[in-house]
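Asker: Provided herewith is a single structure, encoded as structure tokens, for subsequent inquiry.
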Amino acid sequence: MTRIRILQGENRSEPDFNPHKSLVQNLFEREFFRQTAICSGLGLCGECRVRFFRIVPKPGDKDREFFSEQELEQGWRLACSHFPEAGAALEIPVEVSSEHFAWASEAEVSALGVDIGTTTLKWGFLHADEKLSLGTCLNPQMGAGSEIMSRLAYASRESAHFSLLQELMIKKIKSILLSVHEKEIPVVTAGNPAMIHILLGKDITGLLRHPYRLEVTGGKYYTLSGLDRQIFIPPLLSPFVGADISSGLGYLVHGQKPRFPFLFCDLGTNGEIVLGINKDEFYSTSVALGPALEGVGLRFGSPFGPKVASGFVLTPKGIEPKQKNWNSHVSGSGYLSLLSALSRLGIMDATGRFAVSRTPLSRTVDLRGNKVFIRDRFYLSGRDVEEILKVKAAFTLGIKLLLQKTSMSADRLAGIYLAGALGEHVELEDLDQLGFLPKGSMHKSRVLGNTSLKGALLTARERTVRNWVQALPDKVHSLALAGEPKYLSTEFFRHMRFEYV
């Protein structure tokens, strides 16, 4: 083990670090970077910044991308790019808590719903007077991996890793439950299969490699370690379509009463797409999207917050963020909004490349090589565009496969419903401009917000909804993209365009 001196605000410590693990992973395991949305070693976000003041490592390429020469001379480095060295000393910026909880009513609580997302944890209390109080925080496991497969890989590497991730989530859920006095309220917890397996302490081997399988299928009550009450977990429909989707379908079918056939798309770090043919027949698939739509892994990306830009507008002065007091951070929907504006101005073409446009308004845009600058504090790089282009390709490829396998055409769909990271702040016009939606379908598309949480609350309150959700596994047919390697290899790059292919 290697001992390093750590300064953070007024706190001083000298923990032992494992020299074979990256500095950021060591820090996460010692309770640092628990409130920061880091990309966990991808070198894309620049949020794991630390300042060395003793035994300063030589700067690498990733360090040079995020820090000026003056900052490098001052000892600033990315913790994900370096390993512990004995005798080193460094400073970590004080983290600001991302937790938000606002009570909406003093009435007693009648139900609790929890949505465990890969990036964020959200919960809601339904009160007896029908008012709702909501809470949100960063998933405390984020430092172990910013998307599902890296999180699973970390958990599988050592039993202590798995235990840590399980303990972090149970501790958070326990704190939520302890915030109310009622002991017998129904609790429904939804999440993707990886989050549910870790929460319940179940074997994750079947989620790591082909042939994929579920160790736990949900659809019943479970007792969490250290909790004296049971929680209901909706069914897990396949190894990559989880309780968040069955919960969301419960909300959509019973809360919105849509016409069939429809597409239900929940887009976060993973993208789940469900085609509802009728009330007894559904087809599902999943696509790996990565954390970009959650605002993680992009140069100025961030989960949505008070000073985070969730959208941009075209003004006579150029492209401006909608948010006042903007702190130069941008959510996933904000990046989509910005790309949409650049596309409309002709500054970005369908392949994602920047080009000089001759339109009058485009002259207000500060284009410097492969970067577009806004207010000098923020820029959009070609690499950020590429990350979102990959998301778009995976999403539309999933839609195309689902429609083709069921002999369904997009024009026959009665509706398209969007949930997840895109379901709260995104504008349909931006998705349409960038080719996320089938041509001519914007008028029948709707954004529904966090359907997983809404469905969890509805399932907790209504026994009929819970019964319907429990019966879903017999009605849903899973179509795995992993079983279509030739289709994926030939089609993915064809979908790498900001237009619906």
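Identifiers in this document derive from the order of the structure tokens: chains are assigned A, B, ..., residues are numbered from 1 separately in each chain, and ligands are numbered from 1 in order of occurrence.
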Please tabulate, as JSON lines, the residues of stretch 189-304 of chain A that come within 12 Å of stretch 427-437 of chain A, each with its closest pair of atoms and the distance in Å to one decimal, counting only C-alpha atoms and ordering rows by chain, then residue number upward.
Answerer:
```
{"residue": "A:Leu263", "atom": "CA", "partner": "A:Leu437", "partner_atom": "CA", "distance": 10.9}
{"residue": "A:Cys265", "atom": "CA", "partner": "A:Leu437", "partner_atom": "CA", "distance": 10.9}
{"residue": "A:Leu267", "atom": "CA", "partner": "A:Phe436", "partner_atom": "CA", "distance": 11.5}
```
Asker: Do a neighbour search on stretch 290-307 of chain A at 8 Å with only C-alpha atoms, toss out local chain neighbours closer than 2 positions, and write the hits as number ranges by chain.
Answerer: A: 37-39, 42-46, 119, 146-147, 267-270, 288, 309-310, 323-333, 378, 380, 384, 387-388, 391, 421-422
Asker: Find, counting only C-alpha atoms, the residue in A:Ile416, A:Leu236, A:Leu126, A:Val356 that gets nearest to A:Gly440.
Answerer: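 Among the listed residues, the smallest separation from A:Gly440 belongs to A:Ile416.
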Asker: Would you pick out the contacts of A:Ser110 at 7 Å or less, using only C-alpha atoms, so that residues sharing its chain but fewer than 4 positions from it are not included, and give the list as a VMD selection string?
Answerer: chain A and resid 126 to 128 185
Asker: Once you have the residues from the selection above, write them out as a PDB file, in the first residue's frame, restricted to all heavy atoms.
Answerer:
```pdb
ATOM      1  N   LEU A 126     -45.658  10.239  -1.960  1.00  0.00           N
ATOM      2  CA  LEU A 126     -47.032  10.628  -2.237  1.00  0.00           C
ATOM      3  C   LEU A 126     -47.724  10.827  -0.906  1.00  0.00           C
ATOM      4  O   LEU A 126     -47.707   9.944  -0.036  1.00  0.00           O
ATOM      5  CB  LEU A 126     -47.747   9.542  -3.050  1.00  0.00           C
ATOM      6  CG  LEU A 126     -49.180   9.864  -3.484  1.00  0.00           C
ATOM      7  CD1 LEU A 126     -49.199  11.040  -4.449  1.00  0.00           C
ATOM      8  CD2 LEU A 126     -49.814   8.642  -4.131  1.00  0.00           C
ATOM      9  N   HIS A 127     -48.323  11.992  -0.723  1.00  0.00           N
ATOM     10  CA  HIS A 127     -48.969  12.316   0.543  1.00  0.00           C
ATOM     11  C   HIS A 127     -50.462  12.010   0.494  1.00  0.00           C
ATOM     12  O   HIS A 127     -51.048  11.855  -0.580  1.00  0.00           O
ATOM     13  CB  HIS A 127     -48.746  13.797   0.882  1.00  0.00           C
ATOM     14  CG  HIS A 127     -47.304  14.147   1.051  1.00  0.00           C
ATOM     15  ND1 HIS A 127     -46.623  13.994   2.231  1.00  0.00           N
ATOM     16  CD2 HIS A 127     -46.391  14.634   0.163  1.00  0.00           C
ATOM     17  CE1 HIS A 127     -45.376  14.371   2.087  1.00  0.00           C
ATOM     18  NE2 HIS A 127     -45.211  14.767   0.834  1.00  0.00           N
ATOM     19  N   ALA A 128     -51.036  11.928   1.664  1.00  0.00           N
ATOM     20  CA  ALA A 128     -52.455  11.590   1.754  1.00  0.00           C
ATOM     21  C   ALA A 128     -53.334  12.629   1.067  1.00  0.00           C
ATOM     22  O   ALA A 128     -54.447  12.317   0.639  1.00  0.00           O
ATOM     23  CB  ALA A 128     -52.860  11.454   3.226  1.00  0.00           C
ATOM     24  N   ILE A 185     -45.867   2.329   5.068  1.00  0.00           N
ATOM     25  CA  ILE A 185     -46.175   2.797   3.727  1.00  0.00           C
ATOM     26  C   ILE A 185     -45.631   1.819   2.688  1.00  0.00           C
ATOM     27  O   ILE A 185     -44.558   1.229   2.873  1.00  0.00           O
ATOM     28  CB  ILE A 185     -45.595   4.203   3.469  1.00  0.00           C
ATOM     29  CG1 ILE A 185     -44.067   4.192   3.580  1.00  0.00           C
ATOM     30  CG2 ILE A 185     -46.203   5.228   4.383  1.00  0.00           C
ATOM     31  CD1 ILE A 185     -43.414   5.477   3.115  1.00  0.00           C
TER      32      ILE A 185
END
```
Asker: Which polymer residues have any atom within 12 Å of an atom of A:Ala107, counting only C-alpha atoms, with same-chain residues fewer than 5 positions away left out, as a list in words?
Answerer: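 Here the answer would be Phe125, Leu126, His127, Ala128, Asp129, Glu130, Lys131, Leu132, Ser133, Val180, His181 and Glu182 of chain A.
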Asker: With C-alpha atoms retained, export the selected residues as a compact mmCIF listing (two decimals), in the first residue's frame.
Answerer:
```
# COMPACT_ATOMS: atom_id res chain seq x y z
CA PHE A 125 -43.33 10.62 -1.49
CA LEU A 126 -47.03 10.63 -2.24
CA HIS A 127 -48.97 12.32 0.54
CA ALA A 128 -52.45 11.59 1.75
CA ASP A 129 -53.63 14.92 0.28
CA GLU A 130 -52.38 13.71 -3.17
CA LYS A 131 -49.48 16.17 -3.19
CA LEU A 132 -46.03 14.92 -4.11
CA SER A 133 -42.59 15.69 -2.69
CA VAL A 180 -40.69 9.89 7.31
CA HIS A 181 -42.45 8.62 10.42
CA GLU A 182 -44.91 6.23 8.78
```
Asker: Give me the residues near stretch 76-93 of chain A as a PDB file with N, CA, C and O atoms, in the first residue's frame, where near means some atom within 10 Å (using only C-alpha atoms) and where sequence neighbours in that chain fewer than 6 positions away do not count.
Answerer:
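Result saved to part36.pdb:
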```
ATOM      1  N   MET A   1       0.844  -1.199   0.000  1.00  0.00           N
ATOM      2  CA  MET A   1       0.000   0.000   0.000  1.00  0.00           C
ATOM      3  C   MET A   1       0.883   1.254   0.000  1.00  0.00           C
ATOM      4  O   MET A   1       2.031   1.226   0.448  1.00  0.00           O
ATOM      5  N   THR A   2       0.326   2.347  -0.509  1.00  0.00           N
ATOM      6  CA  THR A   2       1.056   3.604  -0.649  1.00  0.00           C
ATOM      7  C   THR A   2       0.334   4.704   0.112  1.00  0.00           C
ATOM      8  O   THR A   2      -0.868   4.898  -0.075  1.00  0.00           O
ATOM      9  N   ARG A   3       1.049   5.388   0.980  1.00  0.00           N
ATOM     10  CA  ARG A   3       0.427   6.450   1.782  1.00  0.00           C
ATOM     11  C   ARG A   3       0.579   7.800   1.089  1.00  0.00           C
ATOM     12  O   ARG A   3       1.659   8.166   0.632  1.00  0.00           O
ATOM     13  N   ILE A   4      -0.546   8.528   1.007  1.00  0.00           N
ATOM     14  CA  ILE A   4      -0.570   9.841   0.362  1.00  0.00           C
ATOM     15  C   ILE A   4      -1.263  10.832   1.283  1.00  0.00           C
ATOM     16  O   ILE A   4      -2.267  10.495   1.939  1.00  0.00           O
ATOM     17  N   ARG A   5      -0.779  12.038   1.301  1.00  0.00           N
ATOM     18  CA  ARG A   5      -1.413  13.076   2.110  1.00  0.00           C
ATOM     19  C   ARG A   5      -2.505  13.766   1.294  1.00  0.00           C
ATOM     20  O   ARG A   5      -2.259  14.179   0.154  1.00  0.00           O
ATOM     21  N   ILE A   6      -3.691  13.905   1.887  1.00  0.00           N
ATOM     22  CA  ILE A   6      -4.847  14.489   1.197  1.00  0.00           C
ATOM     23  C   ILE A   6      -5.340  15.713   1.959  1.00  0.00           C
ATOM     24  O   ILE A   6      -5.549  15.665   3.176  1.00  0.00           O
ATOM     25  N   LEU A   7      -5.547  16.803   1.230  1.00  0.00           N
ATOM     26  CA  LEU A   7      -6.169  18.009   1.775  1.00  0.00           C
ATOM     27  C   LEU A   7      -7.475  18.258   1.038  1.00  0.00           C
ATOM     28  O   LEU A   7      -7.521  18.200  -0.192  1.00  0.00           O
ATOM     29  N   GLN A   8      -8.537  18.539   1.794  1.00  0.00           N
ATOM     30  CA  GLN A   8      -9.811  18.936   1.196  1.00  0.00           C
ATOM     31  C   GLN A   8     -10.501  19.896   2.145  1.00  0.00           C
ATOM     32  O   GLN A   8     -11.019  19.491   3.188  1.00  0.00           O
ATOM     33  N   GLY A   9     -10.477  21.176   1.785  1.00  0.00           N
ATOM     34  CA  GLY A   9     -11.002  22.178   2.698  1.00  0.00           C
ATOM     35  C   GLY A   9     -10.197  22.206   3.984  1.00  0.00           C
ATOM     36  O   GLY A   9      -8.968  22.319   3.970  1.00  0.00           O
ATOM     37  N   ARG A  12      -7.761  17.058   6.766  1.00  0.00           N
ATOM     38  CA  ARG A  12      -6.444  16.519   6.454  1.00  0.00           C
ATOM     39  C   ARG A  12      -6.465  15.014   6.743  1.00  0.00           C
ATOM     40  O   ARG A  12      -6.991  14.578   7.759  1.00  0.00           O
ATOM     41  N   GLU A  14      -4.172  11.024   5.745  1.00  0.00           N
ATOM     42  CA  GLU A  14      -3.080  10.327   5.068  1.00  0.00           C
ATOM     43  C   GLU A  14      -3.459   8.859   4.899  1.00  0.00           C
ATOM     44  O   GLU A  14      -2.897   7.970   5.555  1.00  0.00           O
ATOM     45  N   ASP A  16      -3.909   5.043   3.178  1.00  0.00           N
ATOM     46  CA  ASP A  16      -3.124   4.131   2.354  1.00  0.00           C
ATOM     47  C   ASP A  16      -3.864   3.875   1.046  1.00  0.00           C
ATOM     48  O   ASP A  16      -5.074   3.603   1.051  1.00  0.00           O
ATOM     49  N   PHE A  17      -3.146   3.960  -0.067  1.00  0.00           N
ATOM     50  CA  PHE A  17      -3.736   3.749  -1.380  1.00  0.00           C
ATOM     51  C   PHE A  17      -3.157   2.492  -2.018  1.00  0.00           C
ATOM     52  O   PHE A  17      -1.998   2.131  -1.773  1.00  0.00           O
ATOM     53  N   ASN A  18      -3.962   1.864  -2.837  1.00  0.00           N
ATOM     54  CA  ASN A  18      -3.514   0.720  -3.622  1.00  0.00           C
ATOM     55  C   ASN A  18      -2.787   1.229  -4.865  1.00  0.00           C
ATOM     56  O   ASN A  18      -3.409   1.858  -5.725  1.00  0.00           O
ATOM     57  N   PRO A  19      -1.488   0.965  -5.000  1.00  0.00           N
ATOM     58  CA  PRO A  19      -0.736   1.521  -6.140  1.00  0.00           C
ATOM     59  C   PRO A  19      -1.123   0.927  -7.490  1.00  0.00           C
ATOM     60  O   PRO A  19      -0.728   1.454  -8.529  1.00  0.00           O
ATOM     61  N   HIS A  20      -1.889  -0.163  -7.483  1.00  0.00           N
ATOM     62  CA  HIS A  20      -2.295  -0.806  -8.732  1.00  0.00           C
ATOM     63  C   HIS A  20      -3.647  -0.302  -9.246  1.00  0.00           C
ATOM     64  O   HIS A  20      -4.093  -0.719 -10.306  1.00  0.00           O
ATOM     65  N   LYS A  21      -4.277   0.581  -8.490  1.00  0.00           N
ATOM     66  CA  LYS A  21      -5.535   1.194  -8.915  1.00  0.00           C
ATOM     67  C   LYS A  21      -5.288   2.665  -9.219  1.00  0.00           C
ATOM     68  O   LYS A  21      -4.410   3.295  -8.624  1.00  0.00           O
ATOM     69  N   SER A  22      -6.070   3.204 -10.143  1.00  0.00           N
ATOM     70  CA  SER A  22      -5.907   4.613 -10.479  1.00  0.00           C
ATOM     71  C   SER A  22      -6.194   5.480  -9.253  1.00  0.00           C
ATOM     72  O   SER A  22      -6.881   5.059  -8.311  1.00  0.00           O
ATOM     73  N   LEU A  23      -5.685   6.686  -9.292  1.00  0.00           N
ATOM     74  CA  LEU A  23      -5.877   7.604  -8.174  1.00  0.00           C
ATOM     75  C   LEU A  23      -7.353   7.898  -7.948  1.00  0.00           C
ATOM     76  O   LEU A  23      -7.832   7.927  -6.810  1.00  0.00           O
ATOM     77  N   VAL A  24      -8.126   8.075  -9.032  1.00  0.00           N
ATOM     78  CA  VAL A  24      -9.540   8.402  -8.856  1.00  0.00           C
ATOM     79  C   VAL A  24     -10.304   7.241  -8.236  1.00  0.00           C
ATOM     80  O   VAL A  24     -11.211   7.431  -7.425  1.00  0.00           O
ATOM     81  N   GLN A  25      -9.944   6.001  -8.589  1.00  0.00           N
ATOM     82  CA  GLN A  25     -10.627   4.854  -8.002  1.00  0.00           C
ATOM     83  C   GLN A  25     -10.286   4.725  -6.527  1.00  0.00           C
ATOM     84  O   GLN A  25     -11.152   4.442  -5.688  1.00  0.00           O
ATOM     85  N   ASN A  26      -9.016   4.946  -6.179  1.00  0.00           N
ATOM     86  CA  ASN A  26      -8.633   4.961  -4.771  1.00  0.00           C
ATOM     87  C   ASN A  26      -9.400   6.018  -3.990  1.00  0.00           C
ATOM     88  O   ASN A  26      -9.881   5.770  -2.874  1.00  0.00           O
ATOM     89  N   LEU A  27      -9.518   7.203  -4.560  1.00  0.00           N
ATOM     90  CA  LEU A  27     -10.213   8.293  -3.869  1.00  0.00           C
ATOM     91  C   LEU A  27     -11.693   7.976  -3.690  1.00  0.00           C
ATOM     92  O   LEU A  27     -12.270   8.242  -2.631  1.00  0.00           O
ATOM     93  N   PHE A  32     -14.154   9.992  -1.387  1.00  0.00           N
ATOM     94  CA  PHE A  32     -14.040  11.227  -2.152  1.00  0.00           C
ATOM     95  C   PHE A  32     -14.777  11.039  -3.479  1.00  0.00           C
ATOM     96  O   PHE A  32     -15.065   9.921  -3.900  1.00  0.00           O
ATOM     97  N   PHE A  33     -15.074  12.141  -4.171  1.00  0.00           N
ATOM     98  CA  PHE A  33     -15.775  12.129  -5.457  1.00  0.00           C
ATOM     99  C   PHE A  33     -17.093  11.350  -5.378  1.00  0.00           C
ATOM    100  O   PHE A  33     -17.457  10.619  -6.294  1.00  0.00           O
ATOM    101  N   ILE A  38     -18.496  12.160 -12.278  1.00  0.00           N
ATOM    102  CA  ILE A  38     -17.287  11.903 -13.044  1.00  0.00           C
ATOM    103  C   ILE A  38     -17.506  10.769 -14.039  1.00  0.00           C
ATOM    104  O   ILE A  38     -18.376   9.924 -13.863  1.00  0.00           O
ATOM    105  N   CYS A  39     -16.705  10.773 -15.090  1.00  0.00           N
ATOM    106  CA  CYS A  39     -16.836   9.725 -16.114  1.00  0.00           C
ATOM    107  C   CYS A  39     -16.075   8.469 -15.736  1.00  0.00           C
ATOM    108  O   CYS A  39     -16.042   7.496 -16.490  1.00  0.00           O
ATOM    109  N   SER A  40     -15.425   8.482 -14.587  1.00  0.00           N
ATOM    110  CA  SER A  40     -14.812   7.297 -13.984  1.00  0.00           C
ATOM    111  C   SER A  40     -13.733   6.669 -14.850  1.00  0.00           C
ATOM    112  O   SER A  40     -13.764   5.469 -15.122  1.00  0.00           O
ATOM    113  N   GLY A  41     -12.796   7.468 -15.289  1.00  0.00           N
ATOM    114  CA  GLY A  41     -11.635   6.929 -15.969  1.00  0.00           C
ATOM    115  C   GLY A  41     -11.617   7.050 -17.472  1.00  0.00           C
ATOM    116  O   GLY A  41     -10.631   6.691 -18.115  1.00  0.00           O
ATOM    117  N   LEU A  42     -12.679   7.571 -18.068  1.00  0.00           N
ATOM    118  CA  LEU A  42     -12.716   7.708 -19.523  1.00  0.00           C
ATOM    119  C   LEU A  42     -11.892   8.902 -20.007  1.00  0.00           C
ATOM    120  O   LEU A  42     -11.569   8.994 -21.187  1.00  0.00           O
ATOM    121  N   GLY A  43     -11.601   9.816 -19.106  1.00  0.00           N
ATOM    122  CA  GLY A  43     -10.831  10.997 -19.485  1.00  0.00           C
ATOM    123  C   GLY A  43     -11.615  11.963 -20.346  1.00  0.00           C
ATOM    124  O   GLY A  43     -11.037  12.713 -21.143  1.00  0.00           O
ATOM    125  N   CYS A  45     -14.516  13.965 -19.003  1.00  0.00           N
ATOM    126  CA  CYS A  45     -15.255  15.037 -18.329  1.00  0.00           C
ATOM    127  C   CYS A  45     -14.361  16.070 -17.642  1.00  0.00           C
ATOM    128  O   CYS A  45     -14.757  17.224 -17.492  1.00  0.00           O
ATOM    129  N   GLY A  46     -13.192  15.670 -17.173  1.00  0.00           N
ATOM    130  CA  GLY A  46     -12.307  16.611 -16.489  1.00  0.00           C
ATOM    131  C   GLY A  46     -12.749  16.991 -15.098  1.00  0.00           C
ATOM    132  O   GLY A  46     -12.219  17.939 -14.514  1.00  0.00           O
ATOM    133  N   GLU A  47     -13.700  16.243 -14.506  1.00  0.00           N
ATOM    134  CA  GLU A  47     -14.240  16.607 -13.200  1.00  0.00           C
ATOM    135  C   GLU A  47     -13.411  16.065 -12.037  1.00  0.00           C
ATOM    136  O   GLU A  47     -13.615  16.476 -10.900  1.00  0.00           O
ATOM    137  N   CYS A  48     -12.510  15.119 -12.306  1.00  0.00           N
ATOM    138  CA  CYS A  48     -11.731  14.528 -11.205  1.00  0.00           C
ATOM    139  C   CYS A  48     -10.422  15.287 -10.999  1.00  0.00           C
ATOM    140  O   CYS A  48      -9.368  14.688 -10.741  1.00  0.00           O
ATOM    141  N   ARG A  49     -10.454  16.586 -11.052  1.00  0.00           N
ATOM    142  CA  ARG A  49      -9.255  17.415 -10.958  1.00  0.00           C
ATOM    143  C   ARG A  49      -8.726  17.465  -9.530  1.00  0.00           C
ATOM    144  O   ARG A  49      -9.500  17.614  -8.575  1.00  0.00           O
ATOM    145  N   VAL A  50      -7.425  17.339  -9.400  1.00  0.00           N
ATOM    146  CA  VAL A  50      -6.743  17.457  -8.111  1.00  0.00           C
ATOM    147  C   VAL A  50      -5.476  18.284  -8.328  1.00  0.00           C
ATOM    148  O   VAL A  50      -4.979  18.386  -9.449  1.00  0.00           O
ATOM    149  N   ARG A  51      -4.951  18.853  -7.245  1.00  0.00           N
ATOM    150  CA  ARG A  51      -3.721  19.656  -7.361  1.00  0.00           C
ATOM    151  C   ARG A  51      -2.618  19.036  -6.505  1.00  0.00           C
ATOM    152  O   ARG A  51      -2.728  18.971  -5.275  1.00  0.00           O
ATOM    153  N   PHE A  52      -1.579  18.556  -7.152  1.00  0.00           N
ATOM    154  CA  PHE A  52      -0.426  18.005  -6.445  1.00  0.00           C
ATOM    155  C   PHE A  52       0.480  19.145  -5.969  1.00  0.00           C
ATOM    156  O   PHE A  52       0.722  20.097  -6.711  1.00  0.00           O
ATOM    157  N   PHE A  53       0.973  19.051  -4.758  1.00  0.00           N
ATOM    158  CA  PHE A  53       1.966  20.020  -4.297  1.00  0.00           C
ATOM    159  C   PHE A  53       3.200  19.327  -3.714  1.00  0.00           C
ATOM    160  O   PHE A  53       4.095  19.981  -3.182  1.00  0.00           O
ATOM    161  N   ARG A  54       3.245  18.001  -3.862  1.00  0.00           N
ATOM    162  CA  ARG A  54       4.464  17.265  -3.537  1.00  0.00           C
ATOM    163  C   ARG A  54       4.507  16.011  -4.401  1.00  0.00           C
ATOM    164  O   ARG A  54       3.507  15.311  -4.539  1.00  0.00           O
ATOM    165  N   ILE A  55       5.649  15.738  -5.004  1.00  0.00           N
ATOM    166  CA  ILE A  55       5.817  14.636  -5.961  1.00  0.00           C
ATOM    167  C   ILE A  55       4.763  14.778  -7.065  1.00  0.00           C
ATOM    168  O   ILE A  55       3.819  13.997  -7.190  1.00  0.00           O
ATOM    169  N   VAL A  56       4.925  15.804  -7.861  1.00  0.00           N
ATOM    170  CA  VAL A  56       3.968  16.115  -8.925  1.00  0.00           C
ATOM    171  C   VAL A  56       4.254  15.240 -10.145  1.00  0.00           C
ATOM    172  O   VAL A  56       5.368  15.260 -10.684  1.00  0.00           O
ATOM    173  N   PRO A  57       3.276  14.443 -10.598  1.00  0.00           N
ATOM    174  CA  PRO A  57       3.514  13.578 -11.761  1.00  0.00           C
ATOM    175  C   PRO A  57       3.616  14.378 -13.050  1.00  0.00           C
ATOM    176  O   PRO A  57       3.065  15.479 -13.169  1.00  0.00           O
ATOM    177  N   LYS A  58       4.311  13.817 -14.004  1.00  0.00           N
ATOM    178  CA  LYS A  58       4.441  14.440 -15.311  1.00  0.00           C
ATOM    179  C   LYS A  58       3.071  14.502 -15.981  1.00  0.00           C
ATOM    180  O   LYS A  58       2.344  13.516 -15.986  1.00  0.00           O
ATOM    181  N   PRO A  59       2.676  15.637 -16.561  1.00  0.00           N
ATOM    182  CA  PRO A  59       1.348  15.724 -17.193  1.00  0.00           C
ATOM    183  C   PRO A  59       1.244  14.841 -18.421  1.00  0.00           C
ATOM    184  O   PRO A  59       2.200  14.698 -19.186  1.00  0.00           O
ATOM    185  N   GLY A  60       0.071  14.215 -18.586  1.00  0.00           N
ATOM    186  CA  GLY A  60      -0.191  13.383 -19.752  1.00  0.00           C
ATOM    187  C   GLY A  60      -1.041  14.138 -20.757  1.00  0.00           C
ATOM    188  O   GLY A  60      -1.403  15.307 -20.560  1.00  0.00           O
ATOM    189  N   ASP A  61      -1.407  13.452 -21.829  1.00  0.00           N
ATOM    190  CA  ASP A  61      -2.203  14.088 -22.885  1.00  0.00           C
ATOM    191  C   ASP A  61      -3.557  14.558 -22.369  1.00  0.00           C
ATOM    192  O   ASP A  61      -4.035  15.638 -22.745  1.00  0.00           O
ATOM    193  N   LYS A  62      -4.191  13.753 -21.515  1.00  0.00           N
ATOM    194  CA  LYS A  62      -5.508  14.140 -20.989  1.00  0.00           C
ATOM    195  C   LYS A  62      -5.388  15.366 -20.097  1.00  0.00           C
ATOM    196  O   LYS A  62      -6.264  16.255 -20.112  1.00  0.00           O
ATOM    197  N   ASP A  63      -4.327  15.427 -19.308  1.00  0.00           N
ATOM    198  CA  ASP A  63      -4.110  16.613 -18.468  1.00  0.00           C
ATOM    199  C   ASP A  63      -3.972  17.866 -19.332  1.00  0.00           C
ATOM    200  O   ASP A  63      -4.555  18.915 -19.031  1.00  0.00           O
ATOM    201  N   ARG A  64      -3.216  17.764 -20.410  1.00  0.00           N
ATOM    202  CA  ARG A  64      -2.987  18.923 -21.282  1.00  0.00           C
ATOM    203  C   ARG A  64      -4.263  19.370 -21.981  1.00  0.00           C
ATOM    204  O   ARG A  64      -4.400  20.537 -22.351  1.00  0.00           O
ATOM    205  N   PHE A  66      -7.217  19.444 -20.576  1.00  0.00           N
ATOM    206  CA  PHE A  66      -8.138  20.107 -19.644  1.00  0.00           C
ATOM    207  C   PHE A  66      -7.507  21.266 -18.868  1.00  0.00           C
ATOM    208  O   PHE A  66      -8.229  22.065 -18.268  1.00  0.00           O
ATOM    209  N   PHE A  67      -6.183  21.352 -18.831  1.00  0.00           N
ATOM    210  CA  PHE A  67      -5.545  22.397 -18.039  1.00  0.00           C
ATOM    211  C   PHE A  67      -4.622  23.257 -18.898  1.00  0.00           C
ATOM    212  O   PHE A  67      -3.996  22.763 -19.842  1.00  0.00           O
ATOM    213  N   SER A  68      -4.555  24.530 -18.542  1.00  0.00           N
ATOM    214  CA  SER A  68      -3.624  25.444 -19.212  1.00  0.00           C
ATOM    215  C   SER A  68      -2.204  25.149 -18.722  1.00  0.00           C
ATOM    216  O   SER A  68      -1.999  24.446 -17.721  1.00  0.00           O
ATOM    217  N   GLU A  69      -1.208  25.717 -19.416  1.00  0.00           N
ATOM    218  CA  GLU A  69       0.173  25.516 -19.000  1.00  0.00           C
ATOM    219  C   GLU A  69       0.407  26.054 -17.586  1.00  0.00           C
ATOM    220  O   GLU A  69       1.151  25.462 -16.795  1.00  0.00           O
ATOM    221  N   GLN A  70      -0.244  27.164 -17.274  1.00  0.00           N
ATOM    222  CA  GLN A  70      -0.107  27.733 -15.928  1.00  0.00           C
ATOM    223  C   GLN A  70      -0.691  26.788 -14.875  1.00  0.00           C
ATOM    224  O   GLN A  70      -0.086  26.576 -13.822  1.00  0.00           O
TER     225      GLN A  70
END
```
Asker: So that I can see what lies close to A:Ser247, please list as JSON, numbers by chain the residues with an atom at most 6 Å from it, counting only C-alpha atoms and leaving out residues fewer than 3 positions away in the same chain.
Answerer: {"A": [243, 244, 250, 452, 455, 456]}
Asker: Take the residues from that selection and write them out as a PDB file, in the first residue's frame, keeping C-alpha atoms.
Answerer:
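The resulting part.pdb:
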```pdb
ATOM      1  CA  ALA A 243     -37.834  -2.878 -13.402  1.00  0.00           C
ATOM      2  CA  ASP A 244     -37.624   0.749 -14.520  1.00  0.00           C
ATOM      3  CA  GLY A 250     -47.414   0.566 -15.889  1.00  0.00           C
ATOM      4  CA  SER A 452     -39.955   4.874 -13.849  1.00  0.00           C
ATOM      5  CA  GLY A 455     -44.839   4.187 -12.348  1.00  0.00           C
ATOM      6  CA  ALA A 456     -43.283   3.180  -9.026  1.00  0.00           C
TER       7      ALA A 456
END
```
Asker: Can you list, as number ranges by chain, all residues belonging to stretch 282-402 of chain A that DSSP tags as alpha helix (DSSP H)?
Answerer: A: 332-345, 382-402
Asker: Neighbours of A:Tyr379 within 10 Å (only C-alpha atoms; same-chain residues fewer than 6 positions away dropped), as a count of residues only?
Answerer: 10
Asker: Run DSSP on the backbone of this structure and report the residues of stretch 187-376 of chain A it assigns to strand (DSSP E or B), as number ranges by chain.
Answerer: A: 187-191, 220-223, 230-233, 238, 241, 262-267, 270-278, 281-288, 301, 309, 312-315, 318-321, 330, 348, 354, 366-368, 371-374
Asker: For the atom pair atom CA of A:Tyr335 and atom CA of A:Gln35, what is the interatomic distance in Å to one decimal place?
Answerer: 22.1 Å
Asker: Restricting the calculation to only C-alpha atoms, which member of A:Gly352, A:Arg497, A:Leu338, A:His425 is positioned closest to A:Arg383?
Answerer: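 Selected residue with least distance to A:Arg383: A:Gly352.
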